[in-house]
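*Asks:* File query.pdb follows (PDB, C-alpha atoms (C1' of nucleotides)):
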```pdb
ATOM      1  CA  MET A  26      48.435 174.961 230.597
ATOM      2  CA  VAL A  27      51.043 173.001 232.394
ATOM      3  CA  THR A  28      51.150 169.972 230.203
ATOM      4  CA  GLY A  29      50.556 171.327 226.812
ATOM      5  CA  HIS A  30      52.317 172.897 223.936
ATOM      6  CA  GLY A  31      49.114 174.892 224.107
ATOM      7  CA  VAL A  32      48.524 176.087 220.608
ATOM      8  CA  GLU A  33      49.260 173.990 217.608
ATOM      9  CA  ARG A  34      52.591 174.144 215.942
ATOM     10  CA  SER A  35      51.298 175.408 212.641
ATOM     11  CA  SER A  36      49.872 178.447 214.369
ATOM     12  CA  GLN A  37      53.231 179.325 215.777
ATOM     13  CA  LEU A  38      54.901 178.917 212.455
ATOM     14  CA  LEU A  39      52.437 181.324 210.925
ATOM     15  CA  LYS A  40      53.567 184.089 213.211
ATOM     16  CA  GLY A  41      55.214 186.886 211.419
ATOM     17  CA  VAL A  42      54.348 185.410 208.049
ATOM     18  CA  LEU A  43      50.631 185.937 207.894
ATOM     19  CA  ASP A  44      50.766 189.588 206.904
ATOM     20  CA  MET A  45      53.226 188.805 204.144
ATOM     21  CA  CYS A  46      51.017 186.008 202.863
ATOM     22  CA  LEU A  47      47.937 188.172 202.847
ATOM     23  CA  LEU A  48      49.816 190.868 201.028
ATOM     24  CA  ALA A  49      50.933 188.297 198.495
ATOM     25  CA  VAL A  50      47.419 186.993 197.950
ATOM     26  CA  ILE A  51      46.051 190.482 197.484
ATOM     27  CA  SER A  52      48.932 191.321 195.226
ATOM     28  CA  GLU A  53      48.085 188.386 193.020
ATOM     29  CA  GLN A  54      44.539 189.616 192.629
ATOM     30  CA  PRO A  55      42.318 191.935 194.696
ATOM     31  CA  SER A  56      40.390 189.925 197.214
ATOM     32  CA  TYR A  57      38.253 190.151 200.321
ATOM     33  CA  GLY A  58      38.845 188.681 203.736
ATOM     34  CA  TYR A  59      36.429 185.820 203.614
ATOM     35  CA  GLU A  60      37.925 184.611 200.367
ATOM     36  CA  MET A  61      41.531 185.023 201.453
ATOM     37  CA  VAL A  62      41.066 182.564 204.258
ATOM     38  CA  ARG A  63      39.957 179.941 201.757
ATOM     39  CA  LYS A  64      42.744 180.770 199.350
ATOM     40  CA  LEU A  65      45.368 180.414 202.020
ATOM     41  CA  SER A  66      44.024 177.150 203.356
ATOM     42  CA  SER A  67      43.796 175.742 199.849
ATOM     43  CA  ARG A  68      47.529 176.339 199.684
ATOM     44  CA  GLY A  69      48.214 174.528 202.880
ATOM     45  CA  LEU A  70      48.193 177.442 205.291
ATOM     46  CA  ASP A  71      45.436 176.673 207.717
ATOM     47  CA  LEU A  72      43.687 179.478 209.474
ATOM     48  CA  VAL A  73      41.065 178.134 211.764
ATOM     49  CA  SER A  74      39.282 181.399 212.266
ATOM     50  CA  ASP A  75      38.639 184.260 209.893
ATOM     51  CA  GLY A  76      38.753 186.592 212.859
ATOM     52  CA  THR A  77      42.514 186.284 212.706
ATOM     53  CA  ILE A  78      43.023 188.118 209.483
ATOM     54  CA  TYR A  79      40.858 191.198 209.931
ATOM     55  CA  PRO A  80      43.180 192.879 212.397
ATOM     56  CA  VAL A  81      46.037 192.097 210.042
ATOM     57  CA  LEU A  82      44.229 193.658 207.103
ATOM     58  CA  SER A  83      43.522 196.777 209.150
ATOM     59  CA  ARG A  84      47.156 196.982 210.087
ATOM     60  CA  LEU A  85      48.246 196.640 206.483
ATOM     61  CA  GLN A  86      45.815 199.324 205.416
ATOM     62  CA  ARG A  87      46.854 201.650 208.207
ATOM     63  CA  GLY A  88      50.404 201.162 207.027
ATOM     64  CA  GLY A  89      49.391 202.201 203.518
ATOM     65  CA  LEU A  90      50.315 198.872 201.985
ATOM     66  CA  ILE A  91      46.817 198.056 200.858
ATOM     67  CA  ASP A  92      43.726 199.910 199.909
ATOM     68  CA  SER A  93      40.072 198.912 200.084
ATOM     69  CA  TYR A  94      36.773 199.391 198.282
ATOM     70  CA  LEU A  95      33.326 197.935 198.758
ATOM     71  CA  GLU A  96      31.646 195.835 196.154
ATOM     72  CA  PRO A  97      28.013 194.740 196.489
ATOM     73  CA  SER A  98      27.326 191.033 196.347
ATOM     74  CA  THR A  99      24.220 189.059 195.525
ATOM     75  CA  GLU A 100      25.269 186.405 197.985
ATOM     76  CA  GLY A 101      25.312 188.442 201.134
ATOM     77  CA  PRO A 102      26.623 191.693 202.488
ATOM     78  CA  ALA A 103      28.992 193.863 200.498
ATOM     79  CA  ARG A 104      32.479 192.556 200.100
ATOM     80  CA  LYS A 105      35.391 194.669 201.150
ATOM     81  CA  TYR A 106      37.976 194.153 198.486
ATOM     82  CA  TYR A 107      41.587 194.932 199.176
ATOM     83  CA  ARG A 108      44.027 195.989 196.538
ATOM     84  CA  VAL A 109      47.758 196.432 196.870
ATOM     85  CA  THR A 110      49.330 199.890 196.752
ATOM     86  CA  GLU A 111      52.693 200.751 195.294
ATOM     87  CA  ALA A 112      54.148 200.890 198.756
ATOM     88  CA  GLY A 113      52.658 197.468 199.349
ATOM     89  CA  THR A 114      54.274 196.029 196.269
ATOM     90  CA  SER A 115      57.726 197.135 197.252
ATOM     91  CA  ARG A 116      57.183 196.138 200.854
ATOM     92  CA  LEU A 117      56.176 192.693 199.707
ATOM     93  CA  ALA A 118      59.424 192.442 197.795
ATOM     94  CA  GLU A 119      61.395 193.361 200.918
ATOM     95  CA  TRP A 120      59.505 190.951 203.101
ATOM     96  CA  THR A 121      59.934 188.215 200.568
ATOM     97  CA  ASN A 122      63.677 188.726 200.618
ATOM     98  CA  GLU A 123      63.808 188.664 204.379
ATOM     99  CA  TRP A 124      61.636 185.586 204.457
ATOM    100  CA  ARG A 125      63.880 183.737 202.036
ATOM    101  CA  THR A 126      66.994 184.732 203.958
ATOM    102  CA  MET A 127      65.493 183.450 207.156
ATOM    103  CA  SER A 128      64.134 180.368 205.491
ATOM    104  CA  ASP A 129      67.550 179.556 204.058
ATOM    105  CA  GLY A 130      69.107 180.046 207.464
ATOM    106  CA  VAL A 131      66.656 177.649 209.011
ATOM    107  CA  GLU A 132      67.331 175.107 206.295
ATOM    108  CA  ALA A 133      71.052 175.437 206.912
ATOM    109  CA  VAL A 134      70.572 174.758 210.599
ATOM    110  CA  LEU A 135      68.237 171.881 209.882
ATOM    111  CA  GLU A 136      70.591 170.262 207.434
ATOM    112  CA  GLY A 137      73.483 170.627 209.801
ATOM    113  CA  ALA A 138      71.498 168.561 212.257
ATOM    114  CA  ASN A 139      70.765 165.762 209.824
ATOM    115  CA  ASP A 140      74.016 165.785 207.986
ATOM    116  CA  ASP A 141      76.612 166.023 210.659
ATOM    117  CA  GLY A 142      79.757 166.336 208.607
ATOM    118  CA  HIS A 143      78.346 168.332 205.729
ATOM    119  CA  SER A 144      80.903 167.145 203.197
TER     120      SER A 144
ATOM    121  CA  MET B  20      59.646 203.832 211.875
ATOM    122  CA  VAL B  21      57.024 204.828 209.402
ATOM    123  CA  THR B  22      54.500 202.182 210.114
ATOM    124  CA  GLY B  23      55.312 201.722 213.737
ATOM    125  CA  HIS B  24      55.969 198.043 213.550
ATOM    126  CA  GLY B  25      58.213 198.365 216.518
ATOM    127  CA  VAL B  26      60.027 195.098 216.423
ATOM    128  CA  GLU B  27      62.121 194.093 213.489
ATOM    129  CA  ARG B  28      60.784 191.820 210.858
ATOM    130  CA  SER B  29      63.365 189.125 211.367
ATOM    131  CA  SER B  30      62.307 188.786 214.977
ATOM    132  CA  GLN B  31      58.762 188.125 213.961
ATOM    133  CA  LEU B  32      59.826 185.582 211.429
ATOM    134  CA  LEU B  33      61.751 183.753 214.089
ATOM    135  CA  LYS B  34      58.616 183.113 216.061
ATOM    136  CA  GLY B  35      57.739 179.509 216.269
ATOM    137  CA  VAL B  36      61.000 178.506 214.655
ATOM    138  CA  LEU B  37      63.497 179.317 217.350
ATOM    139  CA  ASP B  38      62.860 176.230 219.439
ATOM    140  CA  MET B  39      63.197 174.025 216.382
ATOM    141  CA  CYS B  40      66.468 175.721 215.446
ATOM    142  CA  LEU B  41      67.899 175.330 218.909
ATOM    143  CA  LEU B  42      66.885 171.704 218.943
ATOM    144  CA  ALA B  43      68.586 171.258 215.587
ATOM    145  CA  VAL B  44      71.784 172.924 216.771
ATOM    146  CA  ILE B  45      71.910 170.797 219.901
ATOM    147  CA  SER B  46      71.106 167.752 217.861
ATOM    148  CA  GLU B  47      74.069 168.430 215.639
ATOM    149  CA  GLN B  48      76.361 168.554 218.620
ATOM    150  CA  PRO B  49      75.801 169.206 222.352
ATOM    151  CA  SER B  50      76.170 172.886 223.050
ATOM    152  CA  TYR B  51      75.537 175.590 225.625
ATOM    153  CA  GLY B  52      73.417 178.683 225.376
ATOM    154  CA  TYR B  53      76.092 181.266 224.929
ATOM    155  CA  GLU B  54      77.554 179.323 222.043
ATOM    156  CA  MET B  55      74.239 178.581 220.364
ATOM    157  CA  VAL B  56      73.540 182.240 219.910
ATOM    158  CA  ARG B  57      76.763 182.612 217.979
ATOM    159  CA  LYS B  58      76.153 179.480 215.949
ATOM    160  CA  LEU B  59      72.711 180.653 214.913
ATOM    161  CA  SER B  60      73.809 184.121 213.989
ATOM    162  CA  SER B  61      76.714 182.741 211.987
ATOM    163  CA  ARG B  62      74.058 180.974 209.927
ATOM    164  CA  GLY B  63      72.113 184.118 209.312
ATOM    165  CA  LEU B  64      69.603 183.861 212.136
ATOM    166  CA  ASP B  65      70.180 186.951 214.163
ATOM    167  CA  LEU B  66      69.303 186.910 217.809
ATOM    168  CA  VAL B  67      70.020 190.225 219.341
ATOM    169  CA  SER B  68      69.933 189.029 222.880
ATOM    170  CA  ASP B  69      70.991 185.790 224.480
ATOM    171  CA  GLY B  70      68.275 186.339 227.045
ATOM    172  CA  THR B  71      65.858 185.126 224.422
ATOM    173  CA  ILE B  72      67.001 181.568 224.240
ATOM    174  CA  TYR B  73      67.212 180.595 227.895
ATOM    175  CA  PRO B  74      63.471 180.443 228.387
ATOM    176  CA  VAL B  75      63.278 178.357 225.226
ATOM    177  CA  LEU B  76      65.918 175.958 226.486
ATOM    178  CA  SER B  77      64.043 175.581 229.775
ATOM    179  CA  ARG B  78      60.880 174.880 227.875
ATOM    180  CA  LEU B  79      62.571 172.242 225.765
ATOM    181  CA  GLN B  80      64.058 170.623 228.825
ATOM    182  CA  ARG B  81      60.750 170.679 230.676
ATOM    183  CA  GLY B  82      59.254 168.967 227.670
ATOM    184  CA  GLY B  83      61.894 166.246 227.877
ATOM    185  CA  LEU B  84      63.334 167.026 224.470
ATOM    186  CA  ILE B  85      66.742 167.953 225.777
ATOM    187  CA  ASP B  86      68.867 167.178 228.722
ATOM    188  CA  SER B  87      71.586 169.183 230.443
ATOM    189  CA  TYR B  88      74.861 168.760 232.279
ATOM    190  CA  LEU B  89      77.394 171.194 233.652
ATOM    191  CA  GLU B  90      80.924 171.333 232.394
ATOM    192  CA  PRO B  91      83.586 173.478 234.055
ATOM    193  CA  SER B  92      85.346 176.020 231.903
ATOM    194  CA  THR B  93      88.666 177.798 232.238
ATOM    195  CA  GLU B  94      87.202 180.848 230.558
ATOM    196  CA  GLY B  95      84.490 181.655 233.034
ATOM    197  CA  PRO B  96      81.642 180.050 234.883
ATOM    198  CA  ALA B  97      80.600 176.488 234.213
ATOM    199  CA  ARG B  98      78.875 175.867 230.934
ATOM    200  CA  LYS B  99      75.495 174.254 230.879
ATOM    201  CA  TYR B 100      75.616 171.866 227.980
ATOM    202  CA  TYR B 101      72.440 170.613 226.416
ATOM    203  CA  ARG B 102      72.108 167.289 224.692
ATOM    204  CA  VAL B 103      69.175 165.966 222.709
ATOM    205  CA  THR B 104      67.062 163.112 224.041
ATOM    206  CA  GLU B 105      65.388 160.415 221.960
ATOM    207  CA  ALA B 106      62.100 162.221 222.314
ATOM    208  CA  GLY B 107      63.857 165.326 221.103
ATOM    209  CA  THR B 108      65.207 163.625 218.039
ATOM    210  CA  SER B 109      61.816 162.419 216.904
ATOM    211  CA  ARG B 110      60.202 165.694 217.785
ATOM    212  CA  LEU B 111      62.748 167.489 215.679
ATOM    213  CA  ALA B 112      61.799 165.267 212.759
ATOM    214  CA  GLU B 113      58.118 166.147 213.209
ATOM    215  CA  TRP B 114      58.818 169.837 213.505
ATOM    216  CA  THR B 115      61.022 169.731 210.468
ATOM    217  CA  ASN B 116      58.224 168.196 208.445
ATOM    218  CA  GLU B 117      55.730 170.777 209.629
ATOM    219  CA  TRP B 118      58.176 173.535 208.921
ATOM    220  CA  ARG B 119      58.760 172.357 205.372
ATOM    221  CA  THR B 120      55.040 172.015 204.725
ATOM    222  CA  MET B 121      54.449 175.541 205.923
ATOM    223  CA  SER B 122      57.459 176.847 204.112
ATOM    224  CA  ASP B 123      56.254 175.291 200.859
ATOM    225  CA  GLY B 124      52.826 176.807 201.377
ATOM    226  CA  VAL B 125      54.339 180.230 201.859
ATOM    227  CA  GLU B 126      56.448 179.801 198.756
ATOM    228  CA  ALA B 127      53.361 178.820 196.773
ATOM    229  CA  VAL B 128      51.570 181.955 197.908
ATOM    230  CA  LEU B 129      54.605 184.083 197.199
ATOM    231  CA  GLU B 130      55.074 182.701 193.726
ATOM    232  CA  GLY B 131      51.434 183.216 192.914
ATOM    233  CA  ALA B 132      51.964 186.871 193.651
ATOM    234  CA  ASN B 133      54.958 187.277 191.389
ATOM    235  CA  ASP B 134      53.550 185.254 188.598
ATOM    236  CA  ASP B 135      50.429 187.272 188.057
ATOM    237  CA  GLY B 136      48.857 185.799 184.942
ATOM    238  CA  HIS B 137      49.040 182.109 185.615
ATOM    239  CA  SER B 138      45.303 181.167 185.685
TER     240      SER B 138
ATOM    241  C1'  DT C  28       9.526 184.289 210.132
ATOM    242  C1'  DT C  29      13.147 181.245 210.694
ATOM    243  C1'  DG C  30      17.394 179.273 209.353
ATOM    244  C1'  DA C  31      21.545 178.814 206.579
ATOM    245  C1'  DC C  32      25.104 180.900 204.371
ATOM    246  C1'  DT C  33      27.968 184.872 203.263
ATOM    247  C1'  DA C  34      30.736 188.507 205.088
ATOM    248  C1'  DC C  35      32.954 191.776 208.311
ATOM    249  C1'  DC C  36      34.623 193.153 212.750
ATOM    250  C1'  DT C  37      35.603 193.320 218.039
ATOM    251  C1'  DT C  38      37.248 191.602 222.334
ATOM    252  C1'  DG C  39      39.782 188.812 225.701
ATOM    253  C1'  DC C  40      43.483 185.566 225.997
ATOM    254  C1'  DA C  41      47.873 182.985 225.540
ATOM    255  C1'  DT C  42      52.292 182.497 223.428
ATOM    256  C1'  DA C  43      56.767 183.809 222.703
ATOM    257  C1'  DG C  44      60.551 186.875 221.407
ATOM    258  C1'  DC C  45      62.846 191.435 222.871
ATOM    259  C1'  DG C  46      65.591 194.347 225.831
ATOM    260  C1'  DT C  47      67.532 195.169 230.025
ATOM    261  C1'  DG C  48      69.543 194.089 234.099
ATOM    262  C1'  DT C  49      71.625 190.772 237.596
ATOM    263  C1'  DT C  50      74.608 187.251 239.365
ATOM    264  C1'  DA C  51      78.799 184.927 239.106
ATOM    265  C1'  DG C  52      83.411 182.660 237.729
ATOM    266  C1'  DC C  53      87.805 183.689 235.796
ATOM    267  C1'  DG C  54      92.007 186.204 234.010
ATOM    268  C1'  DT C  55      94.643 190.532 233.451
ATOM    269  C1'  DG C  56      96.530 195.175 234.317
ATOM    270  C1'  DT C  57      97.809 198.476 237.658
TER     271       DT C  57
ATOM    272  C1'  DA D   3      94.719 193.326 246.265
ATOM    273  C1'  DC D   4      91.279 195.008 243.433
ATOM    274  C1'  DA D   5      88.832 196.903 239.660
ATOM    275  C1'  DC D   6      87.694 195.673 235.115
ATOM    276  C1'  DG D   7      86.318 192.989 231.287
ATOM    277  C1'  DC D   8      85.059 188.711 229.320
ATOM    278  C1'  DT D   9      82.391 184.487 229.613
ATOM    279  C1'  DA D  10      78.070 182.493 230.966
ATOM    280  C1'  DA D  11      73.406 181.804 232.784
ATOM    281  C1'  DC D  12      69.075 183.611 234.058
ATOM    282  C1'  DA D  13      64.843 186.744 235.592
ATOM    283  C1'  DC D  14      61.487 190.257 234.467
ATOM    284  C1'  DG D  15      58.393 193.419 232.284
ATOM    285  C1'  DC D  16      56.952 194.680 227.571
ATOM    286  C1'  DT D  17      54.916 194.064 223.201
ATOM    287  C1'  DA D  18      53.415 191.874 218.922
ATOM    288  C1'  DT D  19      50.516 188.674 217.090
ATOM    289  C1'  DG D  20      47.648 184.655 216.340
ATOM    290  C1'  DC D  21      43.435 182.105 218.442
ATOM    291  C1'  DA D  22      38.729 181.550 219.955
ATOM    292  C1'  DA D  23      34.395 183.172 220.561
ATOM    293  C1'  DG D  24      30.918 186.255 219.792
ATOM    294  C1'  DG D  25      28.324 190.005 217.506
ATOM    295  C1'  DT D  26      26.212 192.490 213.376
ATOM    296  C1'  DA D  27      24.279 192.353 209.026
ATOM    297  C1'  DG D  28      22.835 191.170 204.232
ATOM    298  C1'  DT D  29      20.642 187.544 200.963
ATOM    299  C1'  DC D  30      17.829 183.707 199.828
ATOM    300  C1'  DA D  31      14.793 179.730 200.412
ATOM    301  C1'  DA D  32      11.374 177.023 202.989
TER     302       DA D  32
END
```
Could I get this file's structure written as structure tokens?
*Replies:*
Amino acid sequence: MVTGHGVERSSQLLKGVLDMCLLAVISEQPSYGYEMVRKLSSRGLDLVSDGTIYPVLSRLQRGGLIDSYLEPSTEGPARKYYRVTEAGTSRLAEWTNEWRTMSDGVEAVLEGANDDGHS
Amino acid sequence: MVTGHGVERSSQLLKGVLDMCLLAVISEQPSYGYEMVRKLSSRGLDLVSDGTIYPVLSRLQRGGLIDSYLEPSTEGPARKYYRVTEAGTSRLAEWTNEWRTMSDGVEAVLEGANDDGHS
DNA sequence: TTGACTACCTTGCATAGCGTGTTAGCGTGT
DNA sequence: ACACGCTAACACGCTATGCAAGGTAGTCAA
């Protein structure tokens, strides 16, 4: 598109953070994809489509950071619960550190822009 | 690489934030590409290559958020300084808000993971 | 049986950062 | 003079990743 920013801003901001967030949600308590989407959006992280997270979950599992098991449900098809592995726990800690470092850097840049002199 | 992520984490985290950061840097004080890279990395945002930011600057300029002018230099070729426009200033404010909202959401998710019990 | 809801997964697409390489102005050492 | 190195901007192909849309399938109620 010539005119547009194309995708919404929030989508762009999610990039590179989604996998960490999913890992965090799972780490809090084992969960399944369909539920994670709702959990995230209830915390202000809007995912329009659930299709987005399944590839991420596969990637996390392939990387040995999470682990899955099926659980039958009376409300529909079996739920595929994901549970964090030990590797996942420590990876989450690393990612969290990197995220905070970056986040602080961004804040520093942002504040420099507002607060010219930075007394 | 064990997992085969390929690109470094910090790069991924930068996605969707770089343009905002550049806008913030320019907003603080008119600057040119070569210098911005150093400014950002001095604040903890590591850009490996300067080649990354030029497309972003073009995009920002095309969007009318910044404005450029050439300034001769005794140290090399002319510098292309960028300066923020009014549209850019208000856009930066919007982006900053969206960034903080997202950032808070991520923090909420992250804290939920650390603080397991917390019903 | 149909329809609604739950739930998972696949595929094609667009965005955007990475790495590398190119062009070019300027100063210095030989 | 000329090669070299630094400053500076920019183009190009690659890849990662999120989005949208669609498909499969199980359960329950009308």
*Asks:* Any chance you could work out the residue set of the PyMOL selection byres ((chain D) within 12 of (chain A)) here, as a ChimeraX atom specification?
*Replies:* /D:18-30
*Asks:* Least-squares fit chain B onto chain A by Cα, in order, and just send back the RMSD.
*Replies:*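 Between chain A and chain B, the C-alpha RMSD is 1.4 Å.
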*Asks:* Since I can't run it myself right now, could you work out what the PyMOL selection byres ((chain B and resi 73) around 12) selects here and report it as a ChimeraX atom specification?
*Replies:* /B:37-38,41,51-56,68-72,74-80,99,101 /C:44 /D:10-13
*Asks:* Can you pull out every residue within 12 Å of DG15 in chain D, counting only C-alpha atoms (C1' of nucleotides), but drop anything in the same chain fewer than 2 positions away, and send it as a VMD selection string?
*Replies:* (chain C and resid 45 to 48) or (chain D and resid 13 17)
*Asks:* As an exercise, work out the distance from CA of Leu48 in chain A to CA of Leu117 in chain A in Å and give it to one decimal place.
*Replies:*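 Rounded to one decimal, the two atoms are 6.7 Å apart.
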*Asks:* Run the PyMOL selection byres ((chain A) within 6 of (chain B)) against the file shown and list the residues it catches, as a PDB file with C-alpha atoms, in the frame of the given file.
*Replies:*
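Output (result-v8.pdb):
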```
ATOM      1  CA  GLN A  37      53.231 179.325 215.777  1.00  0.00           C
ATOM      2  CA  LEU A  38      54.901 178.917 212.455  1.00  0.00           C
ATOM      3  CA  LYS A  40      53.567 184.089 213.211  1.00  0.00           C
ATOM      4  CA  GLY A  41      55.214 186.886 211.419  1.00  0.00           C
ATOM      5  CA  ALA A  49      50.933 188.297 198.495  1.00  0.00           C
ATOM      6  CA  SER A  52      48.932 191.321 195.226  1.00  0.00           C
ATOM      7  CA  GLU A  53      48.085 188.386 193.020  1.00  0.00           C
ATOM      8  CA  ARG A  68      47.529 176.339 199.684  1.00  0.00           C
ATOM      9  CA  GLY A  69      48.214 174.528 202.880  1.00  0.00           C
ATOM     10  CA  GLY A  88      50.404 201.162 207.027  1.00  0.00           C
ATOM     11  CA  GLY A 130      69.107 180.046 207.464  1.00  0.00           C
ATOM     12  CA  LEU A 135      68.237 171.881 209.882  1.00  0.00           C
ATOM     13  CA  ALA A 138      71.498 168.561 212.257  1.00  0.00           C
TER      14      ALA A 138
END
```
*Asks:* Could you work out how far CA of Ser93 in chain A lies from CA of Ser56 in chain A, giving the answer in Å with one decimal?
*Replies:*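 That distance, rounded to one decimal, is 9.4 Å.
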*Asks:* Restricting the calculation to all atoms listed in the file: of A:Asp92, A:Arg104, A:Arg63, A:Val109, which residue gets closest to chain C?
*Replies:*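 Ranked by minimum distance to chain C, first place goes to A:Arg104.
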*Asks:* Would you give me, as JSON lines, each residue of chain C having an atom within 10 Å of an atom of chain A, along with its shortest atom pair and that distance in Å to one decimal, using only C-alpha atoms (C1' of nucleotides) and sorting by chain and residue number?
*Replies:*
```
{"residue": "C:DC32", "atom": "C1'", "partner": "A:Gly101", "partner_atom": "CA", "distance": 8.2}
{"residue": "C:DT33", "atom": "C1'", "partner": "A:Gly101", "partner_atom": "CA", "distance": 4.9}
{"residue": "C:DA34", "atom": "C1'", "partner": "A:Pro102", "partner_atom": "CA", "distance": 5.8}
{"residue": "C:DC35", "atom": "C1'", "partner": "A:Gly58", "partner_atom": "CA", "distance": 8.1}
{"residue": "C:DC36", "atom": "C1'", "partner": "A:Tyr79", "partner_atom": "CA", "distance": 7.1}
{"residue": "C:DT37", "atom": "C1'", "partner": "A:Gly76", "partner_atom": "CA", "distance": 9.1}
{"residue": "C:DA41", "atom": "C1'", "partner": "A:Gly31", "partner_atom": "CA", "distance": 8.3}
{"residue": "C:DT42", "atom": "C1'", "partner": "A:Val32", "partner_atom": "CA", "distance": 8.0}
{"residue": "C:DA43", "atom": "C1'", "partner": "A:Gln37", "partner_atom": "CA", "distance": 9.0}
```
*Asks:* What gap, in Å, lies between CA of Tyr94 in chain A and C1' of DA31 in chain D?
*Replies:*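 So the two atoms, CA of Tyr94 in chain A and C1' of DA31 in chain D, lie 29.6 Å apart.
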*Asks:* Is it possible to get the axis-aligned box enclosing range 109-117 of chain A (all listed atoms, 8 Å extra per side) as JSON, with centre and edge lengths in Å rounded to one decimal?
*Replies:*
```
{"center_x": 52.7, "center_y": 196.8, "center_z": 198.1, "size_x": 26.0, "size_y": 24.2, "size_z": 21.6}
```
*Asks:* Once N, CA, C and O atoms are restored for range 112-125 of chain A, what would the output be as a compact mmCIF listing (two decimals), keeping the file's coordinate frame?
*Replies:*
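Writing done, so here's result.txt:
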```txt
# COMPACT_ATOMS: atom_id res chain seq x y z
N ALA A 112 53.35 201.13 197.56
CA ALA A 112 54.15 200.89 198.76
C ALA A 112 54.06 199.42 199.15
O ALA A 112 55.05 198.81 199.56
N GLY A 113 52.86 198.87 199.01
CA GLY A 113 52.66 197.47 199.35
C GLY A 113 53.46 196.54 198.46
O GLY A 113 54.04 195.55 198.93
N THR A 114 53.53 196.87 197.21
CA THR A 114 54.27 196.03 196.27
C THR A 114 55.75 195.98 196.64
O THR A 114 56.35 194.91 196.66
N SER A 115 56.29 197.16 196.94
CA SER A 115 57.73 197.14 197.25
C SER A 115 57.97 196.53 198.64
O SER A 115 58.97 195.86 198.85
N ARG A 116 57.02 196.74 199.54
CA ARG A 116 57.18 196.14 200.85
C ARG A 116 57.14 194.62 200.76
O ARG A 116 57.88 193.91 201.43
N LEU A 117 56.27 194.14 199.90
CA LEU A 117 56.18 192.69 199.71
C LEU A 117 57.50 192.13 199.20
O LEU A 117 57.94 191.07 199.64
N ALA A 118 58.13 192.89 198.32
CA ALA A 118 59.42 192.44 197.80
C ALA A 118 60.46 192.36 198.92
O ALA A 118 61.20 191.39 199.03
N GLU A 119 60.46 193.38 199.78
CA GLU A 119 61.40 193.36 200.92
C GLU A 119 61.14 192.16 201.83
O GLU A 119 62.05 191.43 202.19
N TRP A 120 59.88 192.03 202.19
CA TRP A 120 59.50 190.95 203.10
C TRP A 120 59.86 189.59 202.52
O TRP A 120 60.31 188.70 203.22
N THR A 121 59.63 189.48 201.23
CA THR A 121 59.93 188.22 200.57
C THR A 121 61.42 187.90 200.68
O THR A 121 61.81 186.77 200.98
N ASN A 122 62.24 188.92 200.48
CA ASN A 122 63.68 188.73 200.62
C ASN A 122 64.04 188.28 202.02
O ASN A 122 64.79 187.34 202.21
N GLU A 123 63.51 189.00 202.99
CA GLU A 123 63.81 188.66 204.38
C GLU A 123 63.33 187.26 204.73
O GLU A 123 64.01 186.51 205.43
N TRP A 124 62.17 186.93 204.21
CA TRP A 124 61.64 185.59 204.46
C TRP A 124 62.56 184.52 203.88
O TRP A 124 62.89 183.55 204.55
N ARG A 125 63.03 184.74 202.68
CA ARG A 125 63.88 183.74 202.04
C ARG A 125 65.22 183.62 202.76
O ARG A 125 65.76 182.53 202.92
```
